file data31.txt (compact mmCIF, N, CA and C atoms)
# COMPACT_ATOMS: atom_id res chain seq x y z
N MET A 4 90.51 94.68 93.93
CA MET A 4 91.40 93.65 94.43
C MET A 4 90.66 92.32 94.39
N SER A 5 91.27 91.37 93.76
CA SER A 5 90.71 90.02 93.68
C SER A 5 91.51 89.11 94.61
N LYS A 6 90.92 88.74 95.72
CA LYS A 6 91.66 87.96 96.72
C LYS A 6 92.07 86.58 96.22
N SER A 7 91.39 86.10 95.20
CA SER A 7 91.75 84.80 94.64
C SER A 7 92.66 84.93 93.42
N GLY A 8 92.94 86.16 93.01
CA GLY A 8 93.78 86.39 91.85
C GLY A 8 95.24 86.06 92.11
N PRO A 9 96.02 86.10 91.05
CA PRO A 9 97.44 85.77 91.21
C PRO A 9 98.22 86.85 91.97
N ILE A 10 99.32 86.43 92.52
CA ILE A 10 100.30 87.35 93.10
C ILE A 10 101.33 87.59 92.01
N ILE A 11 101.57 88.85 91.70
CA ILE A 11 102.52 89.22 90.65
C ILE A 11 103.82 89.65 91.32
N VAL A 12 104.93 89.05 90.92
CA VAL A 12 106.25 89.42 91.42
C VAL A 12 107.04 89.98 90.24
N ILE A 13 107.50 91.22 90.37
CA ILE A 13 108.28 91.87 89.33
C ILE A 13 109.67 92.15 89.88
N ASP A 14 110.66 91.42 89.38
CA ASP A 14 112.02 91.54 89.88
C ASP A 14 112.96 91.02 88.80
N ASP A 15 113.99 91.78 88.49
CA ASP A 15 114.92 91.37 87.44
C ASP A 15 115.90 90.30 87.90
N ASP A 16 115.95 89.98 89.18
CA ASP A 16 116.87 88.99 89.71
C ASP A 16 116.20 87.61 89.74
N VAL A 17 116.59 86.75 88.83
CA VAL A 17 115.98 85.41 88.72
C VAL A 17 116.21 84.60 89.99
N GLU A 18 117.32 84.81 90.68
CA GLU A 18 117.57 84.11 91.95
C GLU A 18 116.50 84.48 92.97
N ASP A 19 116.06 85.73 92.97
CA ASP A 19 114.98 86.14 93.87
C ASP A 19 113.68 85.42 93.51
N HIS A 20 113.45 85.17 92.23
CA HIS A 20 112.27 84.40 91.82
C HIS A 20 112.31 83.01 92.43
N ILE A 21 113.47 82.39 92.40
CA ILE A 21 113.62 81.03 92.93
C ILE A 21 113.36 81.01 94.44
N ILE A 22 113.92 81.99 95.14
CA ILE A 22 113.73 82.09 96.58
C ILE A 22 112.26 82.33 96.91
N MET A 23 111.65 83.29 96.21
CA MET A 23 110.24 83.61 96.47
C MET A 23 109.35 82.41 96.14
N ASP A 24 109.67 81.69 95.08
CA ASP A 24 108.87 80.53 94.70
C ASP A 24 108.88 79.49 95.81
N GLU A 25 110.04 79.24 96.39
CA GLU A 25 110.14 78.29 97.50
C GLU A 25 109.32 78.77 98.70
N ILE A 26 109.41 80.05 98.99
CA ILE A 26 108.66 80.61 100.12
C ILE A 26 107.16 80.49 99.88
N PHE A 27 106.70 80.84 98.68
CA PHE A 27 105.27 80.74 98.41
C PHE A 27 104.79 79.30 98.47
N ARG A 28 105.62 78.35 98.04
CA ARG A 28 105.24 76.94 98.17
C ARG A 28 105.13 76.56 99.65
N ASN A 29 106.05 77.05 100.49
CA ASN A 29 106.00 76.78 101.93
C ASN A 29 104.75 77.39 102.57
N LEU A 30 104.39 78.58 102.12
CA LEU A 30 103.22 79.27 102.70
C LEU A 30 101.91 78.61 102.27
N ASN A 31 101.93 77.96 101.11
CA ASN A 31 100.79 77.17 100.66
C ASN A 31 99.49 77.97 100.48
N TYR A 32 99.59 79.20 100.01
CA TYR A 32 98.40 79.98 99.68
C TYR A 32 97.86 79.47 98.35
N PRO A 33 96.56 79.59 98.13
CA PRO A 33 95.98 79.08 96.88
C PRO A 33 96.29 79.96 95.66
N ASN A 34 96.75 81.18 95.87
CA ASN A 34 97.00 82.10 94.77
C ASN A 34 98.16 81.63 93.91
N LYS A 35 97.95 81.68 92.61
CA LYS A 35 99.04 81.42 91.66
C LYS A 35 100.03 82.58 91.77
N VAL A 36 101.31 82.30 91.60
CA VAL A 36 102.33 83.35 91.62
C VAL A 36 102.91 83.44 90.21
N ILE A 37 102.92 84.66 89.66
CA ILE A 37 103.42 84.89 88.32
C ILE A 37 104.61 85.84 88.42
N TYR A 38 105.73 85.44 87.82
CA TYR A 38 106.98 86.19 87.91
C TYR A 38 107.27 86.91 86.61
N PHE A 39 107.76 88.15 86.73
CA PHE A 39 108.22 88.93 85.59
C PHE A 39 109.60 89.49 85.91
N SER A 40 110.51 89.41 84.95
CA SER A 40 111.84 90.01 85.09
C SER A 40 111.90 91.37 84.43
N ASP A 41 110.86 91.69 83.68
CA ASP A 41 110.84 92.91 82.87
C ASP A 41 109.57 93.70 83.17
N GLY A 42 109.72 94.97 83.48
CA GLY A 42 108.58 95.81 83.81
C GLY A 42 107.60 95.97 82.67
N ASN A 43 108.10 96.09 81.44
CA ASN A 43 107.21 96.23 80.29
C ASN A 43 106.32 95.01 80.12
N ALA A 44 106.90 93.83 80.27
CA ALA A 44 106.12 92.60 80.15
C ALA A 44 105.06 92.52 81.25
N ALA A 45 105.41 92.95 82.45
CA ALA A 45 104.46 92.94 83.55
C ALA A 45 103.29 93.89 83.26
N VAL A 46 103.59 95.09 82.80
CA VAL A 46 102.54 96.06 82.49
C VAL A 46 101.65 95.54 81.36
N ASP A 47 102.25 94.96 80.34
CA ASP A 47 101.47 94.39 79.24
C ASP A 47 100.53 93.30 79.75
N TYR A 48 101.04 92.44 80.63
CA TYR A 48 100.20 91.39 81.21
C TYR A 48 99.04 92.00 82.00
N LEU A 49 99.35 92.97 82.85
CA LEU A 49 98.32 93.58 83.68
C LEU A 49 97.24 94.26 82.84
N LYS A 50 97.63 94.86 81.73
CA LYS A 50 96.67 95.55 80.87
C LYS A 50 95.76 94.57 80.12
N THR A 51 96.21 93.34 79.92
CA THR A 51 95.45 92.42 79.09
C THR A 51 94.79 91.27 79.84
N THR A 52 95.21 91.00 81.06
CA THR A 52 94.66 89.85 81.77
C THR A 52 93.20 90.10 82.17
N GLU A 53 92.44 89.03 82.12
CA GLU A 53 91.05 89.08 82.57
C GLU A 53 90.93 88.64 84.03
N ASN A 54 92.05 88.22 84.62
CA ASN A 54 92.08 87.74 86.00
C ASN A 54 92.84 88.75 86.85
N PRO A 55 92.15 89.71 87.47
CA PRO A 55 92.84 90.75 88.25
C PRO A 55 93.71 90.15 89.36
N PRO A 56 94.93 90.66 89.50
CA PRO A 56 95.83 90.16 90.54
C PRO A 56 95.35 90.47 91.95
N PHE A 57 95.79 89.65 92.87
CA PHE A 57 95.54 89.88 94.29
C PHE A 57 96.47 90.97 94.81
N LEU A 58 97.75 90.88 94.46
CA LEU A 58 98.69 91.92 94.84
C LEU A 58 99.92 91.86 93.94
N ILE A 59 100.65 92.98 93.93
CA ILE A 59 101.86 93.11 93.13
C ILE A 59 103.02 93.39 94.07
N ILE A 60 104.07 92.59 93.95
CA ILE A 60 105.31 92.79 94.70
C ILE A 60 106.37 93.16 93.67
N SER A 61 106.95 94.34 93.81
CA SER A 61 107.87 94.84 92.80
C SER A 61 109.19 95.28 93.40
N ASP A 62 110.26 94.97 92.69
CA ASP A 62 111.56 95.55 93.02
C ASP A 62 111.51 97.01 92.60
N VAL A 63 112.41 97.82 93.09
CA VAL A 63 112.48 99.22 92.71
C VAL A 63 113.46 99.40 91.55
N ASN A 64 114.69 98.96 91.76
CA ASN A 64 115.76 99.20 90.80
C ASN A 64 115.86 98.05 89.80
N MET A 65 115.40 98.32 88.58
CA MET A 65 115.46 97.34 87.51
C MET A 65 115.84 98.05 86.23
N PRO A 66 116.53 97.35 85.33
CA PRO A 66 116.84 97.97 84.04
C PRO A 66 115.55 98.15 83.23
N GLY A 67 115.58 99.06 82.31
CA GLY A 67 114.38 99.33 81.51
C GLY A 67 113.40 100.14 82.34
N MET A 68 112.30 99.53 82.69
CA MET A 68 111.27 100.21 83.48
C MET A 68 111.46 99.86 84.95
N ASN A 69 111.69 100.87 85.80
CA ASN A 69 111.87 100.60 87.23
C ASN A 69 110.52 100.50 87.93
N GLY A 70 110.55 100.17 89.20
CA GLY A 70 109.32 99.98 89.96
C GLY A 70 108.44 101.20 90.03
N PHE A 71 109.03 102.38 90.11
CA PHE A 71 108.25 103.62 90.14
C PHE A 71 107.52 103.83 88.82
N GLU A 72 108.20 103.54 87.73
CA GLU A 72 107.59 103.71 86.41
C GLU A 72 106.46 102.70 86.19
N ILE A 73 106.65 101.49 86.69
CA ILE A 73 105.58 100.48 86.60
C ILE A 73 104.37 100.97 87.36
N ARG A 74 104.59 101.45 88.58
CA ARG A 74 103.47 101.95 89.40
C ARG A 74 102.77 103.11 88.70
N ASN A 75 103.52 104.01 88.09
CA ASN A 75 102.91 105.11 87.35
C ASN A 75 102.02 104.61 86.22
N LYS A 76 102.51 103.61 85.48
CA LYS A 76 101.73 103.05 84.36
C LYS A 76 100.41 102.46 84.87
N ILE A 77 100.45 101.81 86.01
CA ILE A 77 99.24 101.24 86.59
C ILE A 77 98.27 102.34 87.00
N CYS A 78 98.78 103.38 87.64
CA CYS A 78 97.94 104.48 88.10
C CYS A 78 97.33 105.25 86.92
N GLU A 79 98.05 105.32 85.82
CA GLU A 79 97.57 106.05 84.64
C GLU A 79 96.52 105.28 83.86
N ASN A 80 96.43 103.98 84.08
CA ASN A 80 95.48 103.14 83.35
C ASN A 80 94.19 103.07 84.17
N GLU A 81 93.11 103.59 83.63
CA GLU A 81 91.86 103.70 84.38
C GLU A 81 91.36 102.34 84.88
N ARG A 82 91.41 101.32 84.02
CA ARG A 82 90.92 100.00 84.40
C ARG A 82 91.78 99.40 85.51
N LEU A 83 93.12 99.49 85.37
CA LEU A 83 94.01 98.94 86.40
C LEU A 83 93.88 99.69 87.71
N ASN A 84 93.80 101.00 87.63
CA ASN A 84 93.69 101.82 88.83
C ASN A 84 92.40 101.48 89.59
N ALA A 85 91.32 101.23 88.87
CA ALA A 85 90.04 100.92 89.49
C ALA A 85 90.04 99.55 90.18
N GLN A 86 90.98 98.68 89.80
CA GLN A 86 91.04 97.34 90.42
C GLN A 86 91.62 97.37 91.83
N CYS A 87 92.23 98.47 92.23
CA CYS A 87 92.75 98.62 93.60
C CYS A 87 93.72 97.50 93.99
N ILE A 88 94.62 97.15 93.09
CA ILE A 88 95.57 96.08 93.35
C ILE A 88 96.64 96.60 94.31
N PRO A 89 96.80 96.01 95.49
CA PRO A 89 97.87 96.45 96.39
C PRO A 89 99.23 96.33 95.70
N TYR A 90 100.02 97.39 95.79
CA TYR A 90 101.33 97.45 95.15
C TYR A 90 102.37 97.68 96.23
N LEU A 91 103.30 96.73 96.36
CA LEU A 91 104.30 96.77 97.41
C LEU A 91 105.70 96.72 96.81
N PHE A 92 106.59 97.49 97.38
CA PHE A 92 107.99 97.44 96.96
C PHE A 92 108.78 96.53 97.88
N PHE A 93 109.57 95.65 97.28
CA PHE A 93 110.57 94.84 97.98
C PHE A 93 111.89 95.16 97.31
N THR A 94 112.84 95.69 98.06
CA THR A 94 114.08 96.14 97.46
C THR A 94 115.26 95.90 98.39
N THR A 95 116.47 96.04 97.85
CA THR A 95 117.67 95.78 98.64
C THR A 95 118.14 97.00 99.41
N SER A 96 117.61 98.18 99.08
CA SER A 96 118.04 99.38 99.80
C SER A 96 116.84 100.26 100.11
N VAL A 97 116.96 100.95 101.21
CA VAL A 97 115.90 101.85 101.65
C VAL A 97 116.52 103.20 101.96
N ASP A 98 115.95 104.24 101.37
CA ASP A 98 116.37 105.59 101.72
C ASP A 98 115.15 106.49 101.76
N LYS A 99 115.29 107.61 102.42
CA LYS A 99 114.17 108.51 102.66
C LYS A 99 113.50 108.96 101.37
N LYS A 100 114.27 109.35 100.38
CA LYS A 100 113.70 109.85 99.12
C LYS A 100 112.88 108.77 98.42
N ALA A 101 113.42 107.56 98.35
CA ALA A 101 112.70 106.47 97.68
C ALA A 101 111.39 106.15 98.39
N VAL A 102 111.42 106.09 99.71
CA VAL A 102 110.20 105.81 100.47
C VAL A 102 109.18 106.93 100.27
N ASN A 103 109.63 108.18 100.33
CA ASN A 103 108.72 109.30 100.09
C ASN A 103 108.12 109.25 98.69
N ASP A 104 108.97 108.98 97.71
CA ASP A 104 108.49 108.89 96.32
C ASP A 104 107.47 107.76 96.17
N ALA A 105 107.73 106.65 96.83
CA ALA A 105 106.81 105.51 96.75
C ALA A 105 105.44 105.88 97.31
N TYR A 106 105.42 106.51 98.45
CA TYR A 106 104.14 106.82 99.07
C TYR A 106 103.41 107.94 98.34
N LYS A 107 104.12 108.79 97.62
CA LYS A 107 103.47 109.78 96.75
C LYS A 107 102.70 109.08 95.62
N LEU A 108 103.14 107.88 95.27
CA LEU A 108 102.48 107.08 94.24
C LEU A 108 101.43 106.13 94.83
N SER A 109 101.09 106.34 96.09
CA SER A 109 100.11 105.51 96.80
C SER A 109 100.51 104.04 96.86
N VAL A 110 101.80 103.77 96.97
CA VAL A 110 102.27 102.40 97.18
C VAL A 110 101.84 101.99 98.58
N GLN A 111 101.40 100.75 98.73
CA GLN A 111 100.87 100.30 100.02
C GLN A 111 101.92 99.72 100.96
N GLY A 112 103.17 99.67 100.54
CA GLY A 112 104.20 99.19 101.44
C GLY A 112 105.56 99.25 100.78
N TYR A 113 106.57 99.51 101.58
CA TYR A 113 107.96 99.58 101.10
C TYR A 113 108.77 98.72 102.05
N PHE A 114 109.30 97.62 101.57
CA PHE A 114 109.99 96.65 102.41
C PHE A 114 111.40 96.41 101.91
N MET A 115 112.31 96.27 102.84
CA MET A 115 113.66 95.86 102.50
C MET A 115 113.67 94.33 102.43
N LYS A 116 114.29 93.80 101.38
CA LYS A 116 114.36 92.34 101.25
C LYS A 116 115.08 91.78 102.45
N ALA A 117 114.44 90.85 103.12
CA ALA A 117 115.01 90.26 104.34
C ALA A 117 116.27 89.47 104.02
N ALA A 118 117.15 89.38 104.99
CA ALA A 118 118.43 88.70 104.81
C ALA A 118 118.30 87.18 104.84
N THR A 119 117.24 86.68 105.48
CA THR A 119 117.08 85.23 105.56
C THR A 119 115.74 84.83 104.95
N MET A 120 115.66 83.59 104.52
CA MET A 120 114.40 83.08 103.98
C MET A 120 113.31 83.08 105.04
N THR A 121 113.67 82.76 106.26
CA THR A 121 112.69 82.75 107.35
C THR A 121 112.08 84.12 107.55
N ASP A 122 112.93 85.15 107.59
CA ASP A 122 112.43 86.51 107.77
C ASP A 122 111.57 86.95 106.59
N LEU A 123 112.00 86.62 105.38
CA LEU A 123 111.22 86.97 104.19
C LEU A 123 109.88 86.24 104.21
N GLN A 124 109.89 84.98 104.57
CA GLN A 124 108.65 84.21 104.64
C GLN A 124 107.70 84.80 105.67
N ASN A 125 108.22 85.19 106.83
CA ASN A 125 107.37 85.80 107.86
C ASN A 125 106.77 87.11 107.38
N THR A 126 107.56 87.92 106.68
CA THR A 126 107.06 89.19 106.15
C THR A 126 105.97 88.95 105.12
N LEU A 127 106.21 88.03 104.19
CA LEU A 127 105.21 87.75 103.16
C LEU A 127 103.93 87.17 103.76
N ARG A 128 104.04 86.33 104.77
CA ARG A 128 102.86 85.78 105.43
C ARG A 128 102.02 86.91 106.04
N LYS A 129 102.66 87.83 106.73
CA LYS A 129 101.94 88.95 107.35
C LYS A 129 101.25 89.80 106.29
N ILE A 130 101.95 90.07 105.21
CA ILE A 130 101.39 90.91 104.14
C ILE A 130 100.18 90.23 103.51
N ILE A 131 100.32 88.99 103.14
CA ILE A 131 99.22 88.29 102.48
C ILE A 131 98.03 88.15 103.42
N ASP A 132 98.28 87.80 104.67
CA ASP A 132 97.19 87.69 105.63
C ASP A 132 96.48 89.04 105.81
N TYR A 133 97.24 90.11 105.88
CA TYR A 133 96.67 91.45 106.01
C TYR A 133 95.75 91.76 104.83
N TRP A 134 96.25 91.55 103.60
CA TRP A 134 95.45 91.90 102.42
C TRP A 134 94.28 90.95 102.23
N GLN A 135 94.37 89.74 102.73
CA GLN A 135 93.22 88.83 102.68
C GLN A 135 92.08 89.37 103.56
N GLU A 136 92.41 90.05 104.63
CA GLU A 136 91.40 90.59 105.55
C GLU A 136 90.90 91.97 105.14
N SER A 137 91.67 92.69 104.35
CA SER A 137 91.36 94.07 103.99
C SER A 137 90.29 94.14 102.89
N TYR A 138 89.56 95.24 102.88
CA TYR A 138 88.56 95.50 101.84
C TYR A 138 89.05 96.63 100.96
N ALA A 139 88.64 96.58 99.70
CA ALA A 139 88.97 97.62 98.73
C ALA A 139 87.71 98.02 97.99
N PRO A 140 87.66 99.26 97.50
CA PRO A 140 86.46 99.70 96.77
C PRO A 140 86.08 98.79 95.61
N SER A 141 87.07 98.20 94.96
CA SER A 141 86.78 97.34 93.80
C SER A 141 85.98 96.09 94.16
N GLN A 142 85.92 95.74 95.42
CA GLN A 142 85.18 94.56 95.84
C GLN A 142 83.67 94.78 95.85
N PHE A 143 83.25 96.02 95.71
CA PHE A 143 81.83 96.34 95.78
C PHE A 143 81.23 96.67 94.41
N ASN A 144 81.99 96.40 93.35
CA ASN A 144 81.49 96.69 92.00
C ASN A 144 80.64 95.56 91.49
call {"tool": "encode", "arguments": {"input": "data31.txt", "output": "structure tokens"}}
result
Amino acid sequence: MSKSGPIIVIDDDVEDHIIMDEIFRNLNYPNKVIYFSDGNAAVDYLKTTENPPFLIISDVNMPGMNGFEIRNKICENERLNAQCIPYLFFTTSVDKKAVNDAYKLSVQGYFMKAATMTDLQNTLRKIIDYWQESYAPSQFN
């Protein structure tokens, strides 16, 4: 985990990108935020970037490659898996099976997209602050 690395947002809803962008500007963290609407493009970026991300925020339900499939691709890639990038789901629906499946993939959080910008901003602030304080094995390499 690279605490100074970019925050990766994977979500097929461009309106969510706009909302998240405003929130990240309000939060004023130094991390660059990179948005992907397509899971394949996100995985390609992750496999080739020399700048390991700080964390990944992913929707679950997306056309093409869904959030679970993206997480699987990351776990299957030895280099990406060793980077210990926190992977969090942000989605519009929560059910027992999806949450169980997420945690079987060692996802570090499953969140329902908040109804208001204020609530979403508060959630993102807590998450980022938490991961800024947390240690990962990759930090000792």
call {"tool": "closest_residue", "arguments": {"input": "data31.txt", "among": "A:Ile26, A:Ile10, A:Tyr138, A:Asp16", "to": "Met120 of chain A", "atoms": "only N, CA and C atoms"}}
result
A:Ile26
call {"tool": "atom_distance", "arguments": {"input": "data31.txt", "atom1": "atom C of Met65 of chain A", "atom2": "atom N of Ala101 of chain A"}}
result
15.6 Å
call {"tool": "residues_around", "arguments": {"input": "data31.txt", "residues": "Leu91 of chain A", "least_positions_apart": "2", "cutoff": "7 Å", "atoms": "all atoms listed in the file", "output": "list in words"}}
result
Leu58, Ile59, Ile60, Ser61, Asp62, Ile88, Pro89, Phe93, Val110, Gln111, Gly112, Tyr113 and Phe114 of chain A
call {"tool": "residues_around", "arguments": {"input": "data31.txt", "residues": "segment 68-82 of chain A", "least_positions_apart": "2", "cutoff": "10 Å", "atoms": "only C-alpha atoms", "output": "PDB file with N, CA and C atoms, in the frame of the given file"}}
result
ATOM      1  N   ILE A  13     107.500  91.220  90.370  1.00  0.00           N
ATOM      2  CA  ILE A  13     108.280  91.870  89.330  1.00  0.00           C
ATOM      3  C   ILE A  13     109.670  92.150  89.880  1.00  0.00           C
ATOM      4  N   ASP A  14     110.660  91.420  89.380  1.00  0.00           N
ATOM      5  CA  ASP A  14     112.020  91.540  89.880  1.00  0.00           C
ATOM      6  C   ASP A  14     112.960  91.020  88.800  1.00  0.00           C
ATOM      7  N   ASP A  15     113.990  91.780  88.490  1.00  0.00           N
ATOM      8  CA  ASP A  15     114.920  91.370  87.440  1.00  0.00           C
ATOM      9  C   ASP A  15     115.900  90.300  87.900  1.00  0.00           C
ATOM     10  N   ASP A  41     110.860  91.690  83.680  1.00  0.00           N
ATOM     11  CA  ASP A  41     110.840  92.910  82.870  1.00  0.00           C
ATOM     12  C   ASP A  41     109.570  93.700  83.170  1.00  0.00           C
ATOM     13  N   GLY A  42     109.720  94.970  83.480  1.00  0.00           N
ATOM     14  CA  GLY A  42     108.580  95.810  83.810  1.00  0.00           C
ATOM     15  C   GLY A  42     107.600  95.970  82.670  1.00  0.00           C
ATOM     16  N   ASN A  43     108.100  96.090  81.440  1.00  0.00           N
ATOM     17  CA  ASN A  43     107.210  96.230  80.290  1.00  0.00           C
ATOM     18  C   ASN A  43     106.320  95.010  80.120  1.00  0.00           C
ATOM     19  N   ALA A  44     106.900  93.830  80.270  1.00  0.00           N
ATOM     20  CA  ALA A  44     106.120  92.600  80.150  1.00  0.00           C
ATOM     21  C   ALA A  44     105.060  92.520  81.250  1.00  0.00           C
ATOM     22  N   ALA A  45     105.410  92.950  82.450  1.00  0.00           N
ATOM     23  CA  ALA A  45     104.460  92.940  83.550  1.00  0.00           C
ATOM     24  C   ALA A  45     103.290  93.890  83.260  1.00  0.00           C
ATOM     25  N   VAL A  46     103.590  95.090  82.800  1.00  0.00           N
ATOM     26  CA  VAL A  46     102.540  96.060  82.490  1.00  0.00           C
ATOM     27  C   VAL A  46     101.650  95.540  81.360  1.00  0.00           C
ATOM     28  N   LEU A  49      99.350  92.970  82.850  1.00  0.00           N
ATOM     29  CA  LEU A  49      98.320  93.580  83.680  1.00  0.00           C
ATOM     30  C   LEU A  49      97.240  94.260  82.840  1.00  0.00           C
ATOM     31  N   LYS A  50      97.630  94.860  81.730  1.00  0.00           N
ATOM     32  CA  LYS A  50      96.670  95.550  80.870  1.00  0.00           C
ATOM     33  C   LYS A  50      95.760  94.570  80.120  1.00  0.00           C
ATOM     34  N   ILE A  59     100.650  92.980  93.930  1.00  0.00           N
ATOM     35  CA  ILE A  59     101.860  93.110  93.130  1.00  0.00           C
ATOM     36  C   ILE A  59     103.020  93.390  94.070  1.00  0.00           C
ATOM     37  N   ILE A  60     104.070  92.590  93.950  1.00  0.00           N
ATOM     38  CA  ILE A  60     105.310  92.790  94.700  1.00  0.00           C
ATOM     39  C   ILE A  60     106.370  93.160  93.670  1.00  0.00           C
ATOM     40  N   SER A  61     106.950  94.340  93.810  1.00  0.00           N
ATOM     41  CA  SER A  61     107.870  94.840  92.800  1.00  0.00           C
ATOM     42  C   SER A  61     109.190  95.280  93.400  1.00  0.00           C
ATOM     43  N   ASP A  62     110.260  94.970  92.690  1.00  0.00           N
ATOM     44  CA  ASP A  62     111.560  95.550  93.020  1.00  0.00           C
ATOM     45  C   ASP A  62     111.510  97.010  92.600  1.00  0.00           C
ATOM     46  N   VAL A  63     112.410  97.820  93.090  1.00  0.00           N
ATOM     47  CA  VAL A  63     112.480  99.220  92.710  1.00  0.00           C
ATOM     48  C   VAL A  63     113.460  99.400  91.550  1.00  0.00           C
ATOM     49  N   ASN A  64     114.690  98.960  91.760  1.00  0.00           N
ATOM     50  CA  ASN A  64     115.760  99.200  90.800  1.00  0.00           C
ATOM     51  C   ASN A  64     115.860  98.050  89.800  1.00  0.00           C
ATOM     52  N   MET A  65     115.400  98.320  88.580  1.00  0.00           N
ATOM     53  CA  MET A  65     115.460  97.340  87.510  1.00  0.00           C
ATOM     54  C   MET A  65     115.840  98.050  86.230  1.00  0.00           C
ATOM     55  N   PRO A  66     116.530  97.350  85.330  1.00  0.00           N
ATOM     56  CA  PRO A  66     116.840  97.970  84.040  1.00  0.00           C
ATOM     57  C   PRO A  66     115.550  98.150  83.230  1.00  0.00           C
ATOM     58  N   ASN A  84      93.800 101.000  87.630  1.00  0.00           N
ATOM     59  CA  ASN A  84      93.690 101.820  88.830  1.00  0.00           C
ATOM     60  C   ASN A  84      92.400 101.480  89.590  1.00  0.00           C
ATOM     61  N   ALA A  85      91.320 101.230  88.870  1.00  0.00           N
ATOM     62  CA  ALA A  85      90.040 100.920  89.490  1.00  0.00           C
ATOM     63  C   ALA A  85      90.040  99.550  90.180  1.00  0.00           C
ATOM     64  N   GLN A  86      90.980  98.680  89.800  1.00  0.00           N
ATOM     65  CA  GLN A  86      91.040  97.340  90.420  1.00  0.00           C
ATOM     66  C   GLN A  86      91.620  97.370  91.830  1.00  0.00           C
ATOM     67  N   CYS A  87      92.230  98.470  92.230  1.00  0.00           N
ATOM     68  CA  CYS A  87      92.750  98.620  93.600  1.00  0.00           C
ATOM     69  C   CYS A  87      93.720  97.500  93.990  1.00  0.00           C
ATOM     70  N   ILE A  88      94.620  97.150  93.090  1.00  0.00           N
ATOM     71  CA  ILE A  88      95.570  96.080  93.350  1.00  0.00           C
ATOM     72  C   ILE A  88      96.640  96.600  94.310  1.00  0.00           C
ATOM     73  N   TYR A  90     100.020  97.390  95.790  1.00  0.00           N
ATOM     74  CA  TYR A  90     101.330  97.450  95.150  1.00  0.00           C
ATOM     75  C   TYR A  90     102.370  97.680  96.230  1.00  0.00           C
ATOM     76  N   LEU A  91     103.300  96.730  96.360  1.00  0.00           N
ATOM     77  CA  LEU A  91     104.300  96.770  97.410  1.00  0.00           C
ATOM     78  C   LEU A  91     105.700  96.720  96.810  1.00  0.00           C
ATOM     79  N   PHE A  92     106.590  97.490  97.380  1.00  0.00           N
ATOM     80  CA  PHE A  92     107.990  97.440  96.960  1.00  0.00           C
ATOM     81  C   PHE A  92     108.780  96.530  97.880  1.00  0.00           C
ATOM     82  N   PHE A  93     109.570  95.650  97.280  1.00  0.00           N
ATOM     83  CA  PHE A  93     110.570  94.840  97.980  1.00  0.00           C
ATOM     84  C   PHE A  93     111.890  95.160  97.310  1.00  0.00           C
ATOM     85  N   THR A  94     112.840  95.690  98.060  1.00  0.00           N
ATOM     86  CA  THR A  94     114.080  96.140  97.460  1.00  0.00           C
ATOM     87  C   THR A  94     115.260  95.900  98.390  1.00  0.00           C
ATOM     88  N   ALA A 101     113.420 107.560  98.350  1.00  0.00           N
ATOM     89  CA  ALA A 101     112.700 106.470  97.680  1.00  0.00           C
ATOM     90  C   ALA A 101     111.390 106.150  98.390  1.00  0.00           C
ATOM     91  N   ASP A 104     108.970 108.980  97.710  1.00  0.00           N
ATOM     92  CA  ASP A 104     108.490 108.890  96.320  1.00  0.00           C
ATOM     93  C   ASP A 104     107.470 107.760  96.170  1.00  0.00           C
ATOM     94  N   ALA A 105     107.730 106.650  96.830  1.00  0.00           N
ATOM     95  CA  ALA A 105     106.810 105.510  96.750  1.00  0.00           C
ATOM     96  C   ALA A 105     105.440 105.880  97.310  1.00  0.00           C
ATOM     97  N   LEU A 108     103.140 107.880  95.270  1.00  0.00           N
ATOM     98  CA  LEU A 108     102.480 107.080  94.240  1.00  0.00           C
ATOM     99  C   LEU A 108     101.430 106.130  94.830  1.00  0.00           C
ATOM    100  N   SER A 109     101.090 106.340  96.090  1.00  0.00           N
ATOM    101  CA  SER A 109     100.110 105.510  96.800  1.00  0.00           C
ATOM    102  C   SER A 109     100.510 104.040  96.860  1.00  0.00           C
ATOM    103  N   VAL A 110     101.800 103.770  96.970  1.00  0.00           N
ATOM    104  CA  VAL A 110     102.270 102.400  97.180  1.00  0.00           C
ATOM    105  C   VAL A 110     101.840 101.990  98.580  1.00  0.00           C
TER     106      VAL A 110
END
call {"tool": "atom_distance", "arguments": {"input": "data31.txt", "atom1": "atom N of Glu18 of chain A", "atom2": "atom C of Ser5 of chain A"}}
result
26.5 Å
call {"tool": "atom_distance", "arguments": {"input": "data31.txt", "atom1": "atom C of Phe27 of chain A", "atom2": "atom C of Ala118 of chain A"}}
result
16.9 Å
call {"tool": "residues_around", "arguments": {"input": "data31.txt", "residues": "Lys35 of chain A", "least_positions_apart": "3", "cutoff": "7 Å", "atoms": "all atoms listed in the file", "output": "number ranges by chain"}}
result
A: 7-11, 32
call {"tool": "select_by_dssp", "arguments": {"input": "data31.txt", "residues": "segment 4-137 of chain A", "states": "strand (DSSP E)", "output": "PyMOL selection string"}}
result
chain A and resi 10-13+36-39+58-61+90-94+112-115
call {"tool": "select_by_dssp", "arguments": {"input": "data31.txt", "residues": "segment 4-136 of chain A", "states": "alpha helix (DSSP H)", "output": "count of residues only"}}
result
65
call {"tool": "closest_residue", "arguments": {"input": "data31.txt", "among": "A:Ser96, A:Asn103, A:Thr51, A:Gln135", "to": "Lys116 of chain A", "atoms": "all atoms listed in the file"}}
result
A:Ser96
call {"tool": "closest_residue", "arguments": {"input": "data31.txt", "among": "A:Met4, A:Val97, A:Met115, A:Val102", "to": "Pro140 of chain A", "atoms": "only N, CA and C atoms"}}
result
A:Met4
call {"tool": "closest_residue", "arguments": {"input": "data31.txt", "among": "A:Glu136, A:Glu53, A:Tyr38, A:Lys6", "to": "His20 of chain A", "atoms": "only N, CA and C atoms"}}
result
A:Tyr38
call {"tool": "residues_around", "arguments": {"input": "data31.txt", "residues": "Val17 of chain A", "least_positions_apart": "6", "cutoff": "10 Å", "atoms": "only C-alpha atoms", "output": "list in words"}}
result
Met23, Tyr38, Phe39 and Ser40 of chain A
call {"tool": "axis_aligned_box", "arguments": {"input": "data31.txt", "around": "segment 65-73 of chain A", "padding_each_side": "4 Å", "output": "lines of an AutoDock Vina configuration file"}}
result
center_x = 110.6
center_y = 100.6
center_z = 85.8
size_x = 20.5
size_y = 14.5
size_z = 16.6
